[in-house]
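Text of the file input.tsv, holding TSV, C-alpha atoms:
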chain	number	residue	atom	x	y	z
V	1	PHE	CA	12.96	-28.80	-17.70
V	2	CYS	CA	12.38	-25.11	-18.18
V	3	HIS	CA	8.83	-23.94	-17.64
V	4	THR	CA	7.60	-20.53	-18.76
V	5	LEU	CA	4.46	-18.76	-17.67
V	6	PRO	CA	2.05	-17.88	-20.49
V	7	LEU	CA	1.62	-14.14	-20.94
V	8	LEU	CA	-1.97	-12.98	-20.84
V	9	SER	CA	-3.35	-10.68	-23.50
V	10	ALA	CA	-6.48	-8.57	-23.28
V	11	ALA	CA	-8.25	-11.26	-25.31
V	12	ASP	CA	-7.27	-13.94	-22.80
V	13	MET	CA	-8.95	-12.17	-19.87
V	14	SER	CA	-12.57	-11.08	-20.15
V	15	LEU	CA	-13.47	-8.35	-17.70
V	16	PRO	CA	-15.74	-9.41	-14.85
V	17	THR	CA	-19.18	-7.83	-14.85
V	18	ALA	CA	-19.30	-7.23	-11.09
V	19	ILE	CA	-16.37	-6.57	-8.77
V	20	LYS	CA	-16.71	-5.64	-5.12
V	21	LEU	CA	-13.77	-4.61	-2.93
V	22	THR	CA	-14.60	-4.64	0.77
V	23	TYR	CA	-12.49	-2.82	3.32
V	24	PHE	CA	-12.75	-0.23	6.08
V	25	ASP	CA	-13.46	3.40	5.22
V	26	ILE	CA	-9.75	4.26	5.38
V	27	GLU	CA	-6.88	4.03	2.91
V	28	GLY	CA	-4.93	1.18	4.50
V	29	ALA	CA	-4.31	-2.12	2.75
V	30	ALA	CA	-7.02	-1.60	0.12
V	31	GLU	CA	-5.82	1.75	-1.22
V	32	PRO	CA	-3.22	0.35	-3.65
V	33	VAL	CA	-5.94	-1.83	-5.16
V	34	ARG	CA	-8.36	1.11	-5.40
V	35	LEU	CA	-5.68	3.15	-7.16
V	36	ALA	CA	-5.02	0.33	-9.63
V	37	PHE	CA	-8.73	0.12	-10.41
V	38	ALA	CA	-8.77	3.87	-11.03
V	39	LEU	CA	-5.72	3.85	-13.31
V	40	ALA	CA	-7.04	0.83	-15.23
V	41	HIS	CA	-10.49	2.43	-15.64
V	42	ILE	CA	-12.07	-0.71	-14.22
V	43	PRO	CA	-15.51	-0.15	-12.63
V	44	TYR	CA	-15.99	-1.76	-9.21
V	45	GLU	CA	-18.00	-1.39	-6.02
V	46	ASP	CA	-15.93	0.30	-3.33
V	47	ASP	CA	-17.59	-1.31	-0.32
V	48	ARG	CA	-16.37	0.66	2.72
V	49	ILE	CA	-17.49	-0.82	6.00
V	50	LYS	CA	-17.60	0.86	9.39
V	51	PHE	CA	-15.55	-0.54	12.26
V	52	PRO	CA	-18.67	-1.54	14.26
V	53	GLN	CA	-19.62	-3.82	11.35
V	54	TRP	CA	-16.38	-5.79	11.56
V	55	PRO	CA	-17.21	-8.27	14.38
V	56	ASP	CA	-20.13	-9.61	12.35
V	57	LEU	CA	-18.26	-9.62	9.03
V	58	LYS	CA	-14.99	-11.10	10.30
V	59	PRO	CA	-16.14	-14.73	10.73
V	60	THR	CA	-17.55	-14.72	7.19
V	61	THR	CA	-14.15	-13.94	5.63
V	62	PRO	CA	-11.72	-16.73	4.66
V	63	PHE	CA	-8.88	-15.62	6.92
V	64	GLY	CA	-10.60	-13.24	9.33
V	65	GLN	CA	-9.25	-10.16	7.62
V	66	VAL	CA	-9.96	-7.57	4.96
V	67	PRO	CA	-9.70	-6.48	2.21
V	68	VAL	CA	-11.69	-9.14	0.42
V	69	LEU	CA	-12.62	-9.16	-3.24
V	70	THR	CA	-15.79	-10.63	-4.70
V	71	ILE	CA	-15.83	-11.26	-8.45
V	72	ASP	CA	-19.10	-11.88	-10.30
V	73	GLY	CA	-20.75	-13.05	-7.09
V	74	GLY	CA	-18.16	-15.75	-6.48
V	75	PRO	CA	-16.41	-16.65	-3.22
V	76	MET	CA	-14.41	-14.02	-1.36
V	77	LYS	CA	-10.82	-13.67	-2.50
V	78	THR	CA	-8.11	-12.43	-0.15
V	79	GLN	CA	-4.60	-10.93	0.01
V	80	SER	CA	-4.18	-7.35	-1.16
V	81	GLY	CA	-0.96	-8.12	-3.05
V	82	ALA	CA	-2.73	-10.74	-5.15
V	83	MET	CA	-5.59	-8.31	-5.77
V	84	LEU	CA	-3.17	-5.61	-6.89
V	85	ARG	CA	-1.46	-7.88	-9.42
V	86	TRP	CA	-4.80	-9.22	-10.64
V	87	VAL	CA	-6.13	-5.73	-11.32
V	88	GLY	CA	-2.86	-4.86	-13.04
V	89	LEU	CA	-3.42	-7.72	-15.48
V	90	LEU	CA	-7.10	-7.08	-16.23
V	91	ASP	CA	-6.34	-4.69	-19.09
V	92	PRO	CA	-2.74	-5.11	-20.30
V	93	SER	CA	-3.13	-2.06	-22.56
V	94	LYS	CA	-3.02	0.17	-19.45
V	95	GLY	CA	0.55	-0.95	-18.71
V	96	LEU	CA	0.08	-1.34	-14.96
V	97	TYR	CA	1.81	-4.73	-14.85
V	98	PRO	CA	3.66	-4.90	-18.17
V	99	ALA	CA	5.33	-8.14	-19.20
V	100	ASP	CA	8.41	-6.35	-20.51
V	101	ARG	CA	8.94	-4.59	-17.16
V	102	MET	CA	7.62	-7.23	-14.81
V	103	TYR	CA	10.95	-7.77	-13.05
V	104	CYS	CA	11.31	-4.02	-12.51
V	105	VAL	CA	7.79	-3.86	-11.08
V	106	GLU	CA	8.36	-6.81	-8.77
V	107	GLU	CA	11.71	-5.41	-7.63
V	108	ALA	CA	10.06	-2.09	-6.77
V	109	LEU	CA	7.20	-3.84	-4.98
V	110	GLY	CA	9.75	-5.78	-2.98
V	111	LEU	CA	11.49	-2.58	-1.96
V	112	VAL	CA	8.21	-1.08	-0.79
V	113	GLU	CA	7.57	-4.23	1.25
V	114	ASP	CA	11.04	-3.92	2.78
V	115	ILE	CA	10.26	-0.39	3.97
V	116	LYS	CA	6.88	-1.46	5.34
V	117	ARG	CA	8.51	-4.35	7.18
V	118	GLU	CA	10.98	-2.00	8.86
V	119	TRP	CA	8.15	0.34	9.85
V	120	SER	CA	5.82	-2.42	11.04
V	121	PRO	CA	7.06	-2.68	14.66
V	122	CYS	CA	6.83	1.11	14.99
V	123	LEU	CA	3.21	0.98	13.87
V	124	TYR	CA	1.97	-2.15	15.59
V	125	MET	CA	3.58	-1.45	18.94
V	126	GLY	CA	0.85	1.16	19.22
V	127	MET	CA	-1.92	-1.07	17.85
V	128	LYS	CA	-1.08	-4.62	18.92
V	129	PRO	CA	1.51	-4.51	21.73
V	130	HIS	CA	0.67	-8.10	22.72
V	131	VAL	CA	2.41	-9.25	19.52
V	132	PHE	CA	5.65	-7.99	21.06
V	133	GLY	CA	5.06	-9.53	24.46
V	134	TYR	CA	3.37	-6.57	26.15
V	135	GLU	CA	-0.05	-6.50	27.74
V	136	GLU	CA	-3.08	-4.98	26.08
V	137	GLY	CA	-3.23	-1.28	26.87
V	138	PHE	CA	0.57	-0.98	27.03
V	139	ALA	CA	0.51	1.74	24.37
V	140	LYS	CA	-1.52	3.97	26.69
V	141	THR	CA	0.93	3.73	29.58
V	142	GLU	CA	3.82	6.15	30.03
V	143	GLU	CA	6.30	3.37	29.34
V	144	GLY	CA	4.38	2.39	26.23
V	145	LYS	CA	4.28	5.93	24.91
V	146	LYS	CA	8.03	6.31	25.42
V	147	THR	CA	8.68	2.98	23.71
V	148	ILE	CA	6.58	3.92	20.68
V	149	GLU	CA	8.15	7.36	20.47
V	150	SER	CA	11.64	5.84	20.63
V	151	LEU	CA	10.91	3.27	17.91
V	152	ARG	CA	9.38	5.82	15.56
V	153	THR	CA	12.06	8.43	16.18
V	154	LYS	CA	14.83	5.94	15.41
V	155	PHE	CA	13.04	4.88	12.22
V	156	MET	CA	12.61	8.47	11.07
V	157	ASP	CA	16.22	9.34	11.83
V	158	ALA	CA	17.90	6.31	10.29
V	159	GLU	CA	15.68	3.99	8.25
V	160	LEU	CA	13.44	6.44	6.41
V	161	PRO	CA	16.36	8.45	4.92
V	162	ARG	CA	18.06	5.22	3.84
V	163	TYR	CA	14.99	3.87	2.08
V	164	MET	CA	14.05	7.21	0.53
V	165	GLY	CA	17.53	7.21	-0.97
V	166	TYR	CA	16.87	3.77	-2.43
V	167	LEU	CA	13.55	4.90	-3.92
V	168	GLU	CA	15.13	8.03	-5.38
V	169	GLY	CA	17.77	5.85	-7.00
V	170	VAL	CA	15.16	3.55	-8.54
V	171	ILE	CA	13.18	6.48	-9.94
V	172	GLU	CA	16.29	8.12	-11.38
V	173	LYS	CA	17.58	4.86	-12.87
V	174	ASN	CA	14.28	4.31	-14.64
V	175	GLY	CA	13.98	7.74	-16.20
V	176	GLY	CA	12.92	10.06	-13.40
V	177	GLY	CA	9.16	9.65	-13.78
V	178	PHE	CA	7.80	6.74	-11.80
V	179	LEU	CA	9.33	3.68	-10.21
V	180	CYS	CA	9.48	1.70	-13.45
V	181	GLY	CA	9.57	4.33	-16.15
V	182	GLY	CA	7.50	7.13	-17.56
V	183	LYS	CA	4.14	5.57	-16.75
V	184	PRO	CA	2.76	4.43	-13.39
V	185	THR	CA	2.52	0.75	-12.54
V	186	ILE	CA	1.13	-1.23	-9.64
V	187	ALA	CA	4.44	-0.56	-7.88
V	188	ASP	CA	3.53	3.13	-7.67
V	189	CYS	CA	0.03	2.18	-6.52
V	190	ALA	CA	1.70	0.40	-3.60
V	191	ALA	CA	4.36	3.00	-2.83
V	192	VAL	CA	2.40	6.24	-2.83
V	193	PRO	CA	-0.27	5.34	-0.24
V	194	PHE	CA	2.40	4.09	2.13
V	195	LEU	CA	4.46	7.26	1.75
V	196	ARG	CA	1.32	9.36	2.21
V	197	GLY	CA	1.07	8.11	5.77
V	198	PHE	CA	4.21	10.04	6.64
V	199	ALA	CA	3.34	13.08	4.53
V	200	VAL	CA	-0.08	13.75	6.05
V	201	GLY	CA	0.83	13.42	9.72
V	202	ARG	CA	-0.99	10.13	10.22
V	203	TYR	CA	1.34	8.83	12.91
V	204	GLU	CA	1.94	10.10	16.41
V	205	TYR	CA	5.54	11.19	17.09
V	206	VAL	CA	6.16	11.64	13.35
V	207	GLU	CA	6.45	15.23	12.15
V	208	LYS	CA	3.98	16.12	9.40
V	209	ASP	CA	6.71	17.85	7.39
V	210	CYS	CA	9.11	14.91	7.61
V	211	MET	CA	8.94	14.21	3.87
V	212	GLU	CA	10.16	17.69	3.02
V	213	LYS	CA	13.66	16.36	3.60
V	214	PHE	CA	13.20	14.28	0.46
V	215	PRO	CA	12.12	16.72	-2.28
V	216	LYS	CA	12.59	14.19	-5.08
V	217	ILE	CA	10.17	11.82	-3.37
V	218	VAL	CA	7.70	14.64	-2.79
V	219	GLU	CA	7.91	15.50	-6.50
V	220	TYR	CA	7.35	11.85	-7.36
V	221	MET	CA	4.23	11.72	-5.20
V	222	GLU	CA	2.94	14.95	-6.72
V	223	ARG	CA	3.38	13.49	-10.21
V	224	PHE	CA	1.25	10.57	-9.15
V	225	TYR	CA	-1.41	12.84	-7.60
V	226	ALA	CA	-1.53	14.84	-10.85
V	227	LEU	CA	-2.47	11.84	-12.98
V	228	PRO	CA	-5.92	12.45	-14.53
V	229	GLU	CA	-7.39	9.39	-12.82
V	230	ILE	CA	-6.01	10.41	-9.40
V	231	LYS	CA	-6.24	14.21	-9.48
V	232	GLY	CA	-8.46	15.53	-6.70
V	233	ARG	CA	-8.64	12.20	-4.88
V	234	TYR	CA	-6.75	13.40	-1.82
V	235	GLU	CA	-7.90	16.99	-1.64
Translate the structure of the given file into structure tokens.
Amino acid sequence: FCHTLPLLSAADMSLPTAIKLTYFDIEGAAEPVRLAFALAHIPYEDDRIKFPQWPDLKPTTPFGQVPVLTIDGGPMKTQSGAMLRWVGLLDPSKGLYPADRMYCVEEALGLVEDIKREWSPCLYMGMKPHVFGYEEGFAKTEEGKKTIESLRTKFMDAELPRYMGYLEGVIEKNGGGFLCGGKPTIADCAAVPFLRGFAVGRYEYVEKDCMEKFPKIVEYMERFYALPEIKGRYE
């Protein structure tokens, strides 16, 4: 049997009256969702907690992690990817998760996840070395610093250029505007915050001007920043 998923129209989904997105006061995993809310013109409470608040909040969350989403006072919902897609569907007229380009959007989201997966050891070796079999505090030792520098340098020299080439190809194939055409989608909401991390010098041992090697990607990010709903957000 062949089963098809019903496509939701604006009439099928009534907008919630109260939405609260809870996350730390950083961009991180919640930023793609915040951007989708902005582009969709969906009002919500941007609940930004301080790190000292986390030990008390953590046991109240379903999986001991944030972001969490609360809709109309209901139970906490988790998983930033699910949140991003949900926001993209709230108002289909905004075209953030369009049915006629859904495969393109999912393909682009998958590519962004591939890049993040490659970068993950470079990032978490500095944050959670025990995950890789090292003791807590390893990142602060001389050996730890050299290990992190080596991982990040190799990524910047080999993996980042490869993946930026892939992204450039996707943008060009789809018209040269955004990842899936002339209008932004949730795929761009996911891609731009991740790329920003490299462009703003967020990571130790990563040169702040590293993205200048990829002018087409820089132009793509600037197009996103220039959107009326986003303009001024990162100034």
Q) For V:Val218, which of V:Tyr234, V:Tyr44, V:Tyr203, V:Phe198 is the closest residue, counting only C-alpha atoms? A) V:Phe198
Q: Identify which of the residues V:Pro98, V:Gly28, V:Gly176, V:Gly232 lies closest to V:Gly197, counting all atoms listed in the file when measuring atom-to-atom distances.
A: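 For V:Gly197, the nearest of the given residues is V:Gly28.
Residues lying within 10 Å of V:Met76, counting all atoms listed in the file and ignoring same-chain neighbours fewer than 2 positions away, are Lys20, Leu21, Thr22, Thr60, Thr61, Pro62, Pro67, Val68, Leu69, Thr70, Ile71, Gly73, Gly74 and Thr78 of chain V.
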**Q.** Neighbours of point (-8.8, 4.6, 9.6) within 12 Å, using only C-alpha atoms, written as a list in words
**A.**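 Looking at atoms near the point gives Tyr23, Phe24, Asp25, Ile26, Glu27, Gly28, Ala29, Ala30, Glu31, Arg48, Ile49, Lys50, Phe51, Gly197, Arg202 and Tyr203 of chain V.
Distances to V:Phe132 were evaluated for V:Val206, V:Ala190, V:Leu111, V:Ile148 using all atoms listed in the file, and the minimum falls at V:Ile148.
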Q | Top pick for closest residue to V:Leu84, considering V:Gln65, V:Thr185, V:Thr147, V:Asn174 and counting only C-alpha atoms | A |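 Result for the nearest residue to V:Leu84: V:Thr185.
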Q) What is the distance between atom CA of V:Leu15 and atom CA of V:Met102, in Å to one decimal? A) 21.3 Å
Q.
as a ChimeraX atom specification, please: the residues near stretch 86-97 of chain V (cut-off 12 Å, only C-alpha atoms, same-chain neighbours under 6 positions excluded).
A. /V:7-16,19,21,32-44,69,71,77-80,103-106,108-109,178-190
Output file for the residues above (C-alpha atoms, as a short mmCIF file (atom, residue, chain, number, x, y, z; two decimals), keeping the file's coordinate frame):
data_model
loop_
_atom_site.label_atom_id
_atom_site.label_comp_id
_atom_site.auth_asym_id
_atom_site.auth_seq_id
_atom_site.Cartn_x
_atom_site.Cartn_y
_atom_site.Cartn_z
CA LEU V 7 1.62 -14.14 -20.94
CA LEU V 8 -1.97 -12.98 -20.84
CA SER V 9 -3.35 -10.68 -23.50
CA ALA V 10 -6.48 -8.57 -23.28
CA ALA V 11 -8.25 -11.26 -25.31
CA ASP V 12 -7.27 -13.94 -22.80
CA MET V 13 -8.95 -12.17 -19.87
CA SER V 14 -12.57 -11.08 -20.15
CA LEU V 15 -13.47 -8.35 -17.70
CA PRO V 16 -15.74 -9.41 -14.85
CA ILE V 19 -16.37 -6.57 -8.77
CA LEU V 21 -13.77 -4.61 -2.93
CA PRO V 32 -3.22 0.35 -3.65
CA VAL V 33 -5.94 -1.83 -5.16
CA ARG V 34 -8.36 1.11 -5.40
CA LEU V 35 -5.68 3.15 -7.16
CA ALA V 36 -5.02 0.33 -9.63
CA PHE V 37 -8.73 0.12 -10.41
CA ALA V 38 -8.77 3.87 -11.03
CA LEU V 39 -5.72 3.85 -13.31
CA ALA V 40 -7.04 0.83 -15.23
CA HIS V 41 -10.49 2.43 -15.64
CA ILE V 42 -12.07 -0.71 -14.22
CA PRO V 43 -15.51 -0.15 -12.63
CA TYR V 44 -15.99 -1.76 -9.21
CA LEU V 69 -12.62 -9.16 -3.24
CA ILE V 71 -15.83 -11.26 -8.45
CA LYS V 77 -10.82 -13.67 -2.50
CA THR V 78 -8.11 -12.43 -0.15
CA GLN V 79 -4.60 -10.93 0.01
CA SER V 80 -4.18 -7.35 -1.16
CA TYR V 103 10.95 -7.77 -13.05
CA CYS V 104 11.31 -4.02 -12.51
CA VAL V 105 7.79 -3.86 -11.08
CA GLU V 106 8.36 -6.81 -8.77
CA ALA V 108 10.06 -2.09 -6.77
CA LEU V 109 7.20 -3.84 -4.98
CA PHE V 178 7.80 6.74 -11.80
CA LEU V 179 9.33 3.68 -10.21
CA CYS V 180 9.48 1.70 -13.45
CA GLY V 181 9.57 4.33 -16.15
CA GLY V 182 7.50 7.13 -17.56
CA LYS V 183 4.14 5.57 -16.75
CA PRO V 184 2.76 4.43 -13.39
CA THR V 185 2.52 0.75 -12.54
CA ILE V 186 1.13 -1.23 -9.64
CA ALA V 187 4.44 -0.56 -7.88
CA ASP V 188 3.53 3.13 -7.67
CA CYS V 189 0.03 2.18 -6.52
CA ALA V 190 1.70 0.40 -3.60
#
Q: To one decimal in Å, tell me the separation between atom CA of V:Thr17 and atom CA of V:Ala82.
A: 19.3 Å
Q: Rank nothing, just name the residue among V:Arg117, V:Lys58, V:Lys216, V:Lys128 nearest to V:Gly177, using all atoms listed in the file.
A: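 Residue with the minimum atom-to-atom distance to V:Gly177: V:Lys216.
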Q) Mind pulling up the distance from atom CA of V:Ala199 to atom CA of V:Thr153? A)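 Atom-to-atom, atom CA of V:Thr153 and atom CA of V:Ala199 are spaced 15.3 Å apart.
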Q. Of the residues V:Ala191, V:Leu160, V:Met125, V:Ile217, which is the one nearest to V:Lys145, using all atoms listed in the file?
A. V:Met125
Would you compute, for all listed atoms of stretch 79-93 of chain V, the axis-aligned bounding box grown by 5 Å on each side, and then report its centre and edge lengths in Å rounded to one decimal, as JSON?
{"center_x": -4.0, "center_y": -6.5, "center_z": -11.3, "size_x": 16.1, "size_y": 18.9, "size_z": 32.6}
Q: For V:Arg152, work out the shell of residues within 10 Å, counting all atoms listed in the file and skipping chain neighbours fewer than 3 positions away, then give it as a list in words.
A: Trp119, Pro121, Cys122, Leu123, Met125, Lys146, Thr147, Ile148, Glu149, Phe155, Met156, Asp157, Glu159, Tyr203, Glu204, Tyr205 and Val206 of chain V
Residue completion, stretch 28-39 of chain V, all heavy atoms, as a CSV table (one decimal), keeping the file's coordinate frame:
chain,number,residue,atom,x,y,z
V,28,GLY,N,-5.4,2.5,4.1
V,28,GLY,CA,-4.9,1.2,4.5
V,28,GLY,C,-4.5,0.2,3.4
V,28,GLY,O,-4.1,0.6,2.3
V,29,ALA,N,-4.8,-1.1,3.7
V,29,ALA,CA,-4.3,-2.1,2.8
V,29,ALA,C,-5.1,-2.1,1.4
V,29,ALA,O,-4.6,-2.7,0.4
V,29,ALA,CB,-4.4,-3.5,3.4
V,30,ALA,N,-6.2,-1.5,1.4
V,30,ALA,CA,-7.0,-1.6,0.1
V,30,ALA,C,-6.7,-0.5,-0.8
V,30,ALA,O,-7.0,-0.6,-2.0
V,30,ALA,CB,-8.5,-1.5,0.4
V,31,GLU,N,-6.0,0.6,-0.4
V,31,GLU,CA,-5.8,1.8,-1.2
V,31,GLU,C,-5.0,1.5,-2.5
V,31,GLU,O,-5.3,2.0,-3.5
V,31,GLU,CB,-5.2,2.9,-0.4
V,31,GLU,CG,-5.1,4.2,-1.1
V,31,GLU,CD,-6.5,4.9,-1.4
V,31,GLU,OE1,-7.5,4.3,-0.9
V,31,GLU,OE2,-6.6,5.9,-2.0
V,32,PRO,N,-3.9,0.7,-2.4
V,32,PRO,CA,-3.2,0.4,-3.6
V,32,PRO,C,-4.1,-0.3,-4.7
V,32,PRO,O,-4.0,0.0,-5.9
V,32,PRO,CB,-2.1,-0.6,-3.2
V,32,PRO,CG,-1.9,-0.2,-1.8
V,32,PRO,CD,-3.2,0.1,-1.2
V,33,VAL,N,-5.0,-1.2,-4.2
V,33,VAL,CA,-5.9,-1.8,-5.2
V,33,VAL,C,-6.9,-0.8,-5.7
V,33,VAL,O,-7.2,-0.8,-6.9
V,33,VAL,CB,-6.7,-3.0,-4.4
V,33,VAL,CG1,-7.5,-3.8,-5.4
V,33,VAL,CG2,-5.7,-3.9,-3.7
V,34,ARG,N,-7.4,0.1,-4.9
V,34,ARG,CA,-8.4,1.1,-5.4
V,34,ARG,C,-7.7,2.0,-6.5
V,34,ARG,O,-8.3,2.3,-7.5
V,34,ARG,CB,-8.8,2.0,-4.2
V,34,ARG,CG,-9.7,1.3,-3.2
V,34,ARG,CD,-10.0,2.2,-2.1
V,34,ARG,NE,-10.7,1.6,-1.0
V,34,ARG,CZ,-10.5,1.8,0.3
V,34,ARG,NH1,-9.6,2.7,0.7
V,34,ARG,NH2,-11.3,1.3,1.2
V,35,LEU,N,-6.4,2.3,-6.2
V,35,LEU,CA,-5.7,3.2,-7.2
V,35,LEU,C,-5.5,2.4,-8.5
V,35,LEU,O,-5.6,3.0,-9.6
V,35,LEU,CB,-4.3,3.6,-6.6
V,35,LEU,CG,-4.4,4.5,-5.4
V,35,LEU,CD1,-3.0,4.7,-4.8
V,35,LEU,CD2,-5.0,5.8,-5.7
V,36,ALA,N,-5.2,1.1,-8.4
V,36,ALA,CA,-5.0,0.3,-9.6
V,36,ALA,C,-6.3,0.3,-10.4
V,36,ALA,O,-6.3,0.4,-11.7
V,36,ALA,CB,-4.5,-1.1,-9.3
V,37,PHE,N,-7.4,0.1,-9.7
V,37,PHE,CA,-8.7,0.1,-10.4
V,37,PHE,C,-8.9,1.5,-11.1
V,37,PHE,O,-9.4,1.5,-12.3
V,37,PHE,CB,-9.9,-0.1,-9.4
V,37,PHE,CG,-10.2,-1.5,-9.1
V,37,PHE,CD1,-10.3,-1.9,-7.8
V,37,PHE,CD2,-10.5,-2.4,-10.1
V,37,PHE,CE1,-10.6,-3.3,-7.5
V,37,PHE,CE2,-10.8,-3.7,-9.8
V,37,PHE,CZ,-10.9,-4.2,-8.5
V,38,ALA,N,-8.6,2.5,-10.4
V,38,ALA,CA,-8.8,3.9,-11.0
V,38,ALA,C,-7.9,4.0,-12.3
V,38,ALA,O,-8.4,4.5,-13.3
V,38,ALA,CB,-8.4,4.9,-10.0
V,39,LEU,N,-6.6,3.7,-12.2
V,39,LEU,CA,-5.7,3.8,-13.3
V,39,LEU,C,-6.1,2.9,-14.5
V,39,LEU,O,-5.8,3.3,-15.6
V,39,LEU,CB,-4.3,3.6,-12.9
V,39,LEU,CG,-3.7,4.6,-11.9
V,39,LEU,CD1,-2.3,4.2,-11.5
V,39,LEU,CD2,-3.6,6.0,-12.5
